[in-house]
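Written below as structure tokens is the structure these notes are about.
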Amino acid sequence: MPLAIAHNKVTEGRNKTSPSLSFSDLEAEVIGLFVQISRIMGQPRSYAEIYAVLFLSPDHLTMEELIERLGISRGSASQGLGFLRKAGAIRMVLIPGRRPSHYEAVAELRQLVAGFLRDQVLPEVEESQNRLKQIVEMVGSLPAKDRAHVSGRISLLQSWGKRSRQFLPIVVKLMGA
């Protein structure tokens with residue numbers, strides 16, 4: 001049974017205070033936790049599931065093993081592995097004499113946060129500057145009575161953007177990404 005389905009079945013009707021969890025229950029709960037976190041960050045469920053399985057696995061896993069364990073498509077697995085590698089959440093492990101690529105989770109929070117800031121937040125902050133330029137141009141067409149107030153608010157947004165573009169790269173660098 002794919003773990004995405006197992007999670008729903010395991011958590012339905014199970015006493016949350018049960019002292020003895022089987023590994024499959026534990027795995028389903030950890031996957032559920034990572035899925036919950038991924039929703040906050042706006043990432044697909046499959047990325048969280050892949051990370052959770054790698055996070056708990058004592059062994060390095062191949063894409064095929066992840067596909068089989070999670071019941072996800074090859075495309076979802078490939079996209080998820082690519083995203084997670086780029087973000088620094090997982091890394092490839094070369095195993096001598098073994099052909100397929102193997103993966104393991106990076107469990108250092110500092111590296112995970114730095115990768116998320118670098119790959120997800122910084123590009124959005126940069127892109128927001130283009131939108132802000134368009135907004136500034138639009139302010140000129142407002143009635144004079146509204147223009148002063150909106151101009152003040154736009155100046156505030158510009159200040160936030162400038163500070164973000166200065167501050168975030170320093171944070172990423174300090175975190176070692």
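Chain labels A, B, ... are given in the sequence in which chains occur in the structure tokens; within each chain residues are numbered consecutively from 1, and ligands are likewise numbered from 1 in the order shown.
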
Looking only at helix (DSSP H, G or I) from DSSP on the backbone, list the matching residues of region 4-163 of chain A as a PyMOL selection string. chain A and resi 4-11+23-41+45-56+63-70+74-86+109-139+144-163

Could you give me, as a compact mmCIF listing (two decimals) with all heavy atoms, in the first residue's frame, the residues within 12 Å of Trp160 (chain A), counting only C-alpha atoms and dropping anything in the same chain fewer than 5 positions from it?
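Result written to part_32.txt:
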# COMPACT_ATOMS: atom_id res chain seq x y z
N VAL A 125 11.74 37.51 -4.02
CA VAL A 125 12.01 38.90 -3.63
C VAL A 125 12.52 39.68 -4.84
O VAL A 125 12.09 40.81 -5.09
CB VAL A 125 13.03 38.95 -2.46
CG1 VAL A 125 13.54 40.36 -2.24
CG2 VAL A 125 12.39 38.41 -1.18
N GLU A 126 13.42 39.08 -5.61
CA GLU A 126 13.94 39.75 -6.81
C GLU A 126 12.83 39.99 -7.82
O GLU A 126 12.72 41.06 -8.39
CB GLU A 126 15.07 38.93 -7.44
CG GLU A 126 16.34 38.93 -6.64
CD GLU A 126 16.93 40.32 -6.43
OE1 GLU A 126 16.85 41.16 -7.34
OE2 GLU A 126 17.46 40.56 -5.32
N SER A 128 9.70 40.31 -7.29
CA SER A 128 8.73 41.30 -6.80
C SER A 128 9.13 42.72 -7.17
O SER A 128 8.28 43.60 -7.27
CB SER A 128 8.55 41.18 -5.29
OG SER A 128 9.70 41.62 -4.61
N GLN A 129 10.40 42.93 -7.43
CA GLN A 129 10.86 44.27 -7.80
C GLN A 129 10.29 44.71 -9.15
O GLN A 129 9.97 45.88 -9.35
CB GLN A 129 12.39 44.34 -7.81
CG GLN A 129 13.00 44.14 -6.43
CD GLN A 129 12.36 45.04 -5.39
OE1 GLN A 129 12.42 46.25 -5.48
NE2 GLN A 129 11.73 44.43 -4.40
N LEU A 132 6.80 45.75 -8.48
CA LEU A 132 6.80 47.02 -7.75
C LEU A 132 7.03 48.20 -8.70
O LEU A 132 6.42 49.26 -8.55
CB LEU A 132 7.84 46.98 -6.64
CG LEU A 132 7.73 47.99 -5.52
CD1 LEU A 132 6.33 48.04 -4.93
CD2 LEU A 132 8.74 47.68 -4.44
N ARG A 153 2.71 54.39 0.94
CA ARG A 153 2.69 52.94 1.12
C ARG A 153 3.64 52.24 0.15
O ARG A 153 4.33 51.29 0.52
CB ARG A 153 1.27 52.38 0.93
CG ARG A 153 0.29 52.84 1.96
CD ARG A 153 0.69 52.35 3.33
NE ARG A 153 -0.34 52.74 4.29
CZ ARG A 153 -0.47 52.21 5.47
NH1 ARG A 153 0.36 51.28 5.87
NH2 ARG A 153 -1.42 52.62 6.28
N ILE A 154 3.70 52.74 -1.08
CA ILE A 154 4.60 52.16 -2.08
C ILE A 154 6.05 52.38 -1.66
O ILE A 154 6.89 51.49 -1.80
CB ILE A 154 4.33 52.74 -3.48
CG1 ILE A 154 2.90 52.48 -3.92
CG2 ILE A 154 5.34 52.21 -4.50
CD1 ILE A 154 2.47 51.04 -3.90
N SER A 155 6.35 53.54 -1.10
CA SER A 155 7.71 53.79 -0.59
C SER A 155 8.07 52.80 0.50
O SER A 155 9.21 52.33 0.58
CB SER A 155 7.82 55.22 -0.06
OG SER A 155 7.70 56.14 -1.10
N ARG A 165 16.52 42.42 0.06
CA ARG A 165 17.60 42.09 -0.90
C ARG A 165 18.97 42.25 -0.27
O ARG A 165 19.92 41.61 -0.69
CB ARG A 165 17.47 42.95 -2.15
CG ARG A 165 16.28 42.57 -3.03
CD ARG A 165 16.26 43.26 -4.38
NE ARG A 165 16.61 44.66 -4.38
CZ ARG A 165 15.78 45.68 -4.07
NH1 ARG A 165 14.54 45.41 -3.72
NH2 ARG A 165 16.19 46.92 -4.12
N GLN A 166 19.10 43.09 0.75
CA GLN A 166 20.38 43.25 1.44
C GLN A 166 20.57 42.18 2.52
O GLN A 166 21.64 41.62 2.67
CB GLN A 166 20.46 44.64 2.10
CG GLN A 166 20.55 45.78 1.12
CD GLN A 166 20.41 47.14 1.80
OE1 GLN A 166 19.85 47.25 2.89
NE2 GLN A 166 20.90 48.17 1.14
N PHE A 167 19.51 41.91 3.25
CA PHE A 167 19.57 41.05 4.43
C PHE A 167 19.59 39.55 4.11
O PHE A 167 20.40 38.81 4.66
CB PHE A 167 18.37 41.39 5.33
CG PHE A 167 18.24 40.52 6.54
CD1 PHE A 167 19.11 40.66 7.61
CD2 PHE A 167 17.23 39.56 6.63
CE1 PHE A 167 18.98 39.86 8.73
CE2 PHE A 167 17.10 38.76 7.75
CZ PHE A 167 17.97 38.92 8.81
N LEU A 168 18.72 39.11 3.21
CA LEU A 168 18.60 37.68 2.94
C LEU A 168 19.89 37.03 2.43
O LEU A 168 20.25 35.94 2.90
CB LEU A 168 17.42 37.40 2.02
CG LEU A 168 16.05 37.56 2.65
CD1 LEU A 168 14.95 37.43 1.61
CD2 LEU A 168 15.84 36.54 3.75

Nearby residues (only C-alpha atoms) at most 8 Å from Val30 (chain A), same-chain spacing under 4 positions excluded, as number ranges by chain: A: 26, 34, 52

How would the residues just chosen look if you wrote them out with C-alpha atoms as a tab-separated table (two decimals), in the first residue's frame?
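Final output, saved to out_13.tsv:
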chain	number	residue	atom	x	y	z
A	26	LEU	CA	5.77	6.07	12.78
A	34	PHE	CA	6.43	16.77	6.48
A	52	ALA	CA	10.25	12.00	4.81

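All residues of region 12-156 of chain A that DSSP, run on the backbone, classes as strand (DSSP E) are Leu61, Thr62, Ile90, Arg91, Met92, Val93, His102, Tyr103, Glu104 and Ala105 of chain A.
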
Next, the residues of the selection above should be written as a PDB file, in the first residue's frame with all heavy atoms.
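again-v6.pdb, freshly written:
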ATOM      1  N   LEU A  61      18.422   5.341  -0.788  1.00  0.00           N
ATOM      2  CA  LEU A  61      17.385   4.776  -1.652  1.00  0.00           C
ATOM      3  C   LEU A  61      17.512   5.285  -3.078  1.00  0.00           C
ATOM      4  O   LEU A  61      17.951   6.422  -3.301  1.00  0.00           O
ATOM      5  CB  LEU A  61      15.991   5.130  -1.108  1.00  0.00           C
ATOM      6  CG  LEU A  61      15.684   4.642   0.311  1.00  0.00           C
ATOM      7  CD1 LEU A  61      14.328   5.168   0.764  1.00  0.00           C
ATOM      8  CD2 LEU A  61      15.719   3.126   0.371  1.00  0.00           C
ATOM      9  N   THR A  62      17.102   4.465  -4.031  1.00  0.00           N
ATOM     10  CA  THR A  62      17.077   4.869  -5.435  1.00  0.00           C
ATOM     11  C   THR A  62      15.718   5.484  -5.749  1.00  0.00           C
ATOM     12  O   THR A  62      14.756   5.347  -4.977  1.00  0.00           O
ATOM     13  CB  THR A  62      17.280   3.658  -6.364  1.00  0.00           C
ATOM     14  OG1 THR A  62      16.161   2.778  -6.219  1.00  0.00           O
ATOM     15  CG2 THR A  62      18.582   2.928  -6.067  1.00  0.00           C
ATOM     16  N   ILE A  90      18.343  17.030   0.018  1.00  0.00           N
ATOM     17  CA  ILE A  90      18.843  15.666  -0.169  1.00  0.00           C
ATOM     18  C   ILE A  90      20.132  15.742  -0.972  1.00  0.00           C
ATOM     19  O   ILE A  90      20.423  16.769  -1.597  1.00  0.00           O
ATOM     20  CB  ILE A  90      17.827  14.742  -0.884  1.00  0.00           C
ATOM     21  CG1 ILE A  90      17.569  15.221  -2.313  1.00  0.00           C
ATOM     22  CG2 ILE A  90      16.537  14.631  -0.086  1.00  0.00           C
ATOM     23  CD1 ILE A  90      16.771  14.231  -3.155  1.00  0.00           C
ATOM     24  N   ARG A  91      20.861  14.661  -0.954  1.00  0.00           N
ATOM     25  CA  ARG A  91      22.074  14.591  -1.774  1.00  0.00           C
ATOM     26  C   ARG A  91      22.182  13.207  -2.395  1.00  0.00           C
ATOM     27  O   ARG A  91      21.685  12.230  -1.850  1.00  0.00           O
ATOM     28  CB  ARG A  91      23.317  14.950  -0.982  1.00  0.00           C
ATOM     29  CG  ARG A  91      23.628  14.051   0.164  1.00  0.00           C
ATOM     30  CD  ARG A  91      24.874  14.514   0.946  1.00  0.00           C
ATOM     31  NE  ARG A  91      24.733  14.143   2.333  1.00  0.00           N
ATOM     32  CZ  ARG A  91      24.631  15.005   3.341  1.00  0.00           C
ATOM     33  NH1 ARG A  91      24.695  16.282   3.128  1.00  0.00           N
ATOM     34  NH2 ARG A  91      24.498  14.566   4.575  1.00  0.00           N
ATOM     35  N   MET A  92      22.859  13.178  -3.546  1.00  0.00           N
ATOM     36  CA  MET A  92      23.127  11.898  -4.208  1.00  0.00           C
ATOM     37  C   MET A  92      24.302  11.232  -3.513  1.00  0.00           C
ATOM     38  O   MET A  92      25.237  11.906  -3.088  1.00  0.00           O
ATOM     39  CB  MET A  92      23.470  12.121  -5.688  1.00  0.00           C
ATOM     40  CG  MET A  92      22.258  12.361  -6.538  1.00  0.00           C
ATOM     41  SD  MET A  92      22.657  12.599  -8.280  1.00  0.00           S
ATOM     42  CE  MET A  92      23.491  11.096  -8.687  1.00  0.00           C
ATOM     43  N   VAL A  93      24.215   9.928  -3.441  1.00  0.00           N
ATOM     44  CA  VAL A  93      25.289   9.142  -2.848  1.00  0.00           C
ATOM     45  C   VAL A  93      25.714   8.127  -3.895  1.00  0.00           C
ATOM     46  O   VAL A  93      24.888   7.376  -4.410  1.00  0.00           O
ATOM     47  CB  VAL A  93      24.795   8.415  -1.579  1.00  0.00           C
ATOM     48  CG1 VAL A  93      25.897   7.562  -0.988  1.00  0.00           C
ATOM     49  CG2 VAL A  93      24.271   9.409  -0.566  1.00  0.00           C
ATOM     50  N   HIS A 102      21.644   6.835  -5.838  1.00  0.00           N
ATOM     51  CA  HIS A 102      21.044   6.659  -4.522  1.00  0.00           C
ATOM     52  C   HIS A 102      20.964   8.027  -3.852  1.00  0.00           C
ATOM     53  O   HIS A 102      21.784   8.906  -4.126  1.00  0.00           O
ATOM     54  CB  HIS A 102      21.880   5.702  -3.667  1.00  0.00           C
ATOM     55  CG  HIS A 102      21.801   4.287  -4.117  1.00  0.00           C
ATOM     56  ND1 HIS A 102      22.416   3.833  -5.262  1.00  0.00           N
ATOM     57  CD2 HIS A 102      21.154   3.224  -3.588  1.00  0.00           C
ATOM     58  CE1 HIS A 102      22.157   2.548  -5.408  1.00  0.00           C
ATOM     59  NE2 HIS A 102      21.399   2.155  -4.409  1.00  0.00           N
ATOM     60  N   TYR A 103      20.005   8.181  -2.957  1.00  0.00           N
ATOM     61  CA  TYR A 103      19.780   9.465  -2.310  1.00  0.00           C
ATOM     62  C   TYR A 103      19.685   9.293  -0.809  1.00  0.00           C
ATOM     63  O   TYR A 103      19.284   8.245  -0.311  1.00  0.00           O
ATOM     64  CB  TYR A 103      18.470  10.095  -2.820  1.00  0.00           C
ATOM     65  CG  TYR A 103      18.480  10.320  -4.303  1.00  0.00           C
ATOM     66  CD1 TYR A 103      18.005   9.344  -5.176  1.00  0.00           C
ATOM     67  CD2 TYR A 103      18.989  11.495  -4.838  1.00  0.00           C
ATOM     68  CE1 TYR A 103      18.022   9.550  -6.545  1.00  0.00           C
ATOM     69  CE2 TYR A 103      19.006  11.702  -6.203  1.00  0.00           C
ATOM     70  CZ  TYR A 103      18.528  10.722  -7.050  1.00  0.00           C
ATOM     71  OH  TYR A 103      18.559  10.920  -8.410  1.00  0.00           O
ATOM     72  N   GLU A 104      20.058  10.375  -0.105  1.00  0.00           N
ATOM     73  CA  GLU A 104      19.883  10.433   1.341  1.00  0.00           C
ATOM     74  C   GLU A 104      19.420  11.833   1.710  1.00  0.00           C
ATOM     75  O   GLU A 104      19.700  12.794   0.995  1.00  0.00           O
ATOM     76  CB  GLU A 104      21.170  10.078   2.084  1.00  0.00           C
ATOM     77  CG  GLU A 104      22.265  11.112   1.955  1.00  0.00           C
ATOM     78  CD  GLU A 104      23.534  10.751   2.719  1.00  0.00           C
ATOM     79  OE1 GLU A 104      23.568   9.720   3.407  1.00  0.00           O
ATOM     80  OE2 GLU A 104      24.503  11.521   2.617  1.00  0.00           O
ATOM     81  N   ALA A 105      18.708  11.932   2.826  1.00  0.00           N
ATOM     82  CA  ALA A 105      18.227  13.226   3.306  1.00  0.00           C
ATOM     83  C   ALA A 105      19.361  13.983   3.980  1.00  0.00           C
ATOM     84  O   ALA A 105      20.212  13.383   4.638  1.00  0.00           O
ATOM     85  CB  ALA A 105      17.081  13.027   4.294  1.00  0.00           C
TER      86      ALA A 105
END

So which residues touch Arg118 (chain A) within 12 Å, counting only C-alpha atoms, skipping near sequence neighbours fewer than 2 positions away, as a PyMOL selection string? chain A and resi 86-88+111-116+120-126+165+167-177

Got time to write the residues from that selection, N, CA and C atoms, as a PDB file, in the first residue's frame?
ATOM      1  N   LYS A  86      18.251  20.475  -5.495  1.00  0.00           N
ATOM      2  CA  LYS A  86      18.580  21.886  -5.715  1.00  0.00           C
ATOM      3  C   LYS A  86      18.451  22.686  -4.422  1.00  0.00           C
ATOM      4  N   ALA A  87      17.458  22.355  -3.619  1.00  0.00           N
ATOM      5  CA  ALA A  87      17.235  23.060  -2.358  1.00  0.00           C
ATOM      6  C   ALA A  87      18.218  22.630  -1.264  1.00  0.00           C
ATOM      7  N   GLY A  88      19.010  21.590  -1.528  1.00  0.00           N
ATOM      8  CA  GLY A  88      19.972  21.128  -0.534  1.00  0.00           C
ATOM      9  C   GLY A  88      19.362  20.241   0.536  1.00  0.00           C
ATOM     10  N   GLN A 111      21.196  24.026   6.885  1.00  0.00           N
ATOM     11  CA  GLN A 111      21.342  23.862   5.450  1.00  0.00           C
ATOM     12  C   GLN A 111      19.979  23.866   4.749  1.00  0.00           C
ATOM     13  N   LEU A 112      18.983  23.247   5.371  1.00  0.00           N
ATOM     14  CA  LEU A 112      17.640  23.221   4.786  1.00  0.00           C
ATOM     15  C   LEU A 112      17.052  24.630   4.687  1.00  0.00           C
ATOM     16  N   VAL A 113      17.179  25.397   5.759  1.00  0.00           N
ATOM     17  CA  VAL A 113      16.637  26.756   5.760  1.00  0.00           C
ATOM     18  C   VAL A 113      17.387  27.631   4.756  1.00  0.00           C
ATOM     19  N   ALA A 114      18.699  27.516   4.737  1.00  0.00           N
ATOM     20  CA  ALA A 114      19.495  28.313   3.797  1.00  0.00           C
ATOM     21  C   ALA A 114      19.131  27.968   2.356  1.00  0.00           C
ATOM     22  N   GLY A 115      18.957  26.694   2.058  1.00  0.00           N
ATOM     23  CA  GLY A 115      18.575  26.281   0.705  1.00  0.00           C
ATOM     24  C   GLY A 115      17.205  26.803   0.326  1.00  0.00           C
ATOM     25  N   PHE A 116      16.261  26.763   1.270  1.00  0.00           N
ATOM     26  CA  PHE A 116      14.917  27.283   1.002  1.00  0.00           C
ATOM     27  C   PHE A 116      14.972  28.782   0.752  1.00  0.00           C
ATOM     28  N   GLN A 120      14.018  29.565  -2.981  1.00  0.00           N
ATOM     29  CA  GLN A 120      12.599  29.891  -3.030  1.00  0.00           C
ATOM     30  C   GLN A 120      12.312  31.352  -2.701  1.00  0.00           C
ATOM     31  N   VAL A 121      12.896  31.859  -1.635  1.00  0.00           N
ATOM     32  CA  VAL A 121      12.557  33.202  -1.176  1.00  0.00           C
ATOM     33  C   VAL A 121      13.289  34.282  -1.970  1.00  0.00           C
ATOM     34  N   LEU A 122      14.602  34.156  -2.107  1.00  0.00           N
ATOM     35  CA  LEU A 122      15.366  35.187  -2.817  1.00  0.00           C
ATOM     36  C   LEU A 122      14.879  35.438  -4.252  1.00  0.00           C
ATOM     37  N   PRO A 123      14.629  34.397  -5.034  1.00  0.00           N
ATOM     38  CA  PRO A 123      14.113  34.665  -6.386  1.00  0.00           C
ATOM     39  C   PRO A 123      12.767  35.397  -6.372  1.00  0.00           C
ATOM     40  N   GLU A 124      11.923  35.097  -5.413  1.00  0.00           N
ATOM     41  CA  GLU A 124      10.629  35.784  -5.320  1.00  0.00           C
ATOM     42  C   GLU A 124      10.805  37.241  -4.924  1.00  0.00           C
ATOM     43  N   VAL A 125      11.735  37.510  -4.024  1.00  0.00           N
ATOM     44  CA  VAL A 125      12.014  38.895  -3.630  1.00  0.00           C
ATOM     45  C   VAL A 125      12.520  39.678  -4.838  1.00  0.00           C
ATOM     46  N   GLU A 126      13.422  39.076  -5.605  1.00  0.00           N
ATOM     47  CA  GLU A 126      13.939  39.747  -6.807  1.00  0.00           C
ATOM     48  C   GLU A 126      12.826  39.990  -7.824  1.00  0.00           C
ATOM     49  N   ARG A 165      16.524  42.419   0.058  1.00  0.00           N
ATOM     50  CA  ARG A 165      17.596  42.092  -0.897  1.00  0.00           C
ATOM     51  C   ARG A 165      18.969  42.253  -0.273  1.00  0.00           C
ATOM     52  N   PHE A 167      19.505  41.906   3.253  1.00  0.00           N
ATOM     53  CA  PHE A 167      19.567  41.050   4.432  1.00  0.00           C
ATOM     54  C   PHE A 167      19.593  39.553   4.106  1.00  0.00           C
ATOM     55  N   LEU A 168      18.720  39.108   3.210  1.00  0.00           N
ATOM     56  CA  LEU A 168      18.601  37.677   2.943  1.00  0.00           C
ATOM     57  C   LEU A 168      19.888  37.034   2.427  1.00  0.00           C
ATOM     58  N   PRO A 169      20.609  37.647   1.486  1.00  0.00           N
ATOM     59  CA  PRO A 169      21.868  37.013   1.058  1.00  0.00           C
ATOM     60  C   PRO A 169      22.879  36.856   2.195  1.00  0.00           C
ATOM     61  N   ILE A 170      22.867  37.806   3.126  1.00  0.00           N
ATOM     62  CA  ILE A 170      23.779  37.701   4.280  1.00  0.00           C
ATOM     63  C   ILE A 170      23.369  36.526   5.156  1.00  0.00           C
ATOM     64  N   VAL A 171      22.078  36.357   5.382  1.00  0.00           N
ATOM     65  CA  VAL A 171      21.581  35.245   6.197  1.00  0.00           C
ATOM     66  C   VAL A 171      21.955  33.915   5.534  1.00  0.00           C
ATOM     67  N   VAL A 172      21.730  33.819   4.227  1.00  0.00           N
ATOM     68  CA  VAL A 172      22.062  32.585   3.503  1.00  0.00           C
ATOM     69  C   VAL A 172      23.557  32.292   3.631  1.00  0.00           C
ATOM     70  N   LYS A 173      24.383  33.306   3.474  1.00  0.00           N
ATOM     71  CA  LYS A 173      25.837  33.118   3.568  1.00  0.00           C
ATOM     72  C   LYS A 173      26.249  32.691   4.984  1.00  0.00           C
ATOM     73  N   LEU A 174      25.659  33.327   5.977  1.00  0.00           N
ATOM     74  CA  LEU A 174      25.977  32.970   7.361  1.00  0.00           C
ATOM     75  C   LEU A 174      25.569  31.541   7.694  1.00  0.00           C
ATOM     76  N   MET A 175      24.512  31.078   7.042  1.00  0.00           N
ATOM     77  CA  MET A 175      24.039  29.724   7.303  1.00  0.00           C
ATOM     78  C   MET A 175      24.873  28.685   6.562  1.00  0.00           C
ATOM     79  N   GLY A 176      25.776  29.147   5.727  1.00  0.00           N
ATOM     80  CA  GLY A 176      26.701  28.234   5.087  1.00  0.00           C
ATOM     81  C   GLY A 176      26.211  27.589   3.805  1.00  0.00           C
ATOM     82  N   ALA A 177      25.236  28.210   3.136  1.00  0.00           N
ATOM     83  CA  ALA A 177      24.740  27.604   1.878  1.00  0.00           C
ATOM     84  C   ALA A 177      25.515  28.139   0.706  1.00  0.00           C
TER      85      ALA A 177
END

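Here CA of Leu94 (chain A) is placed at a distance of 18.3 Å from CA of Ala107 (chain A).
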
Gap from CA of Ala89 (chain A) to CA of Asp119 (chain A) - Å, one decimal: 11.3 Å

Applying 10 Å and only C-alpha atoms, which residues near region 65-67 of chain A remain after dropping the ones on its own chain fewer than 4 positions away? List them as an MDAnalysis selection string. chainID A and resid 2 49:51 53:54 60:61 71:78 81 102:103

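Going from CA of Leu117 (chain A) over to CA of Ala48 (chain A), you cover 17.1 Å.
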
Nearest to Val136 (chain A), chosen from A:His149, A:Gln158, A:Leu109, A:Asp59, with only C-alpha atoms counted in the distances: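 Counting only C-alpha atoms, the residue closest to Val136 (chain A) is A:Gln158.
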
Best match for closeness to Phe55 (chain A) among A:Glu127, A:Met138, A:Ala148, A:Glu108, counting only C-alpha atoms: A:Glu108
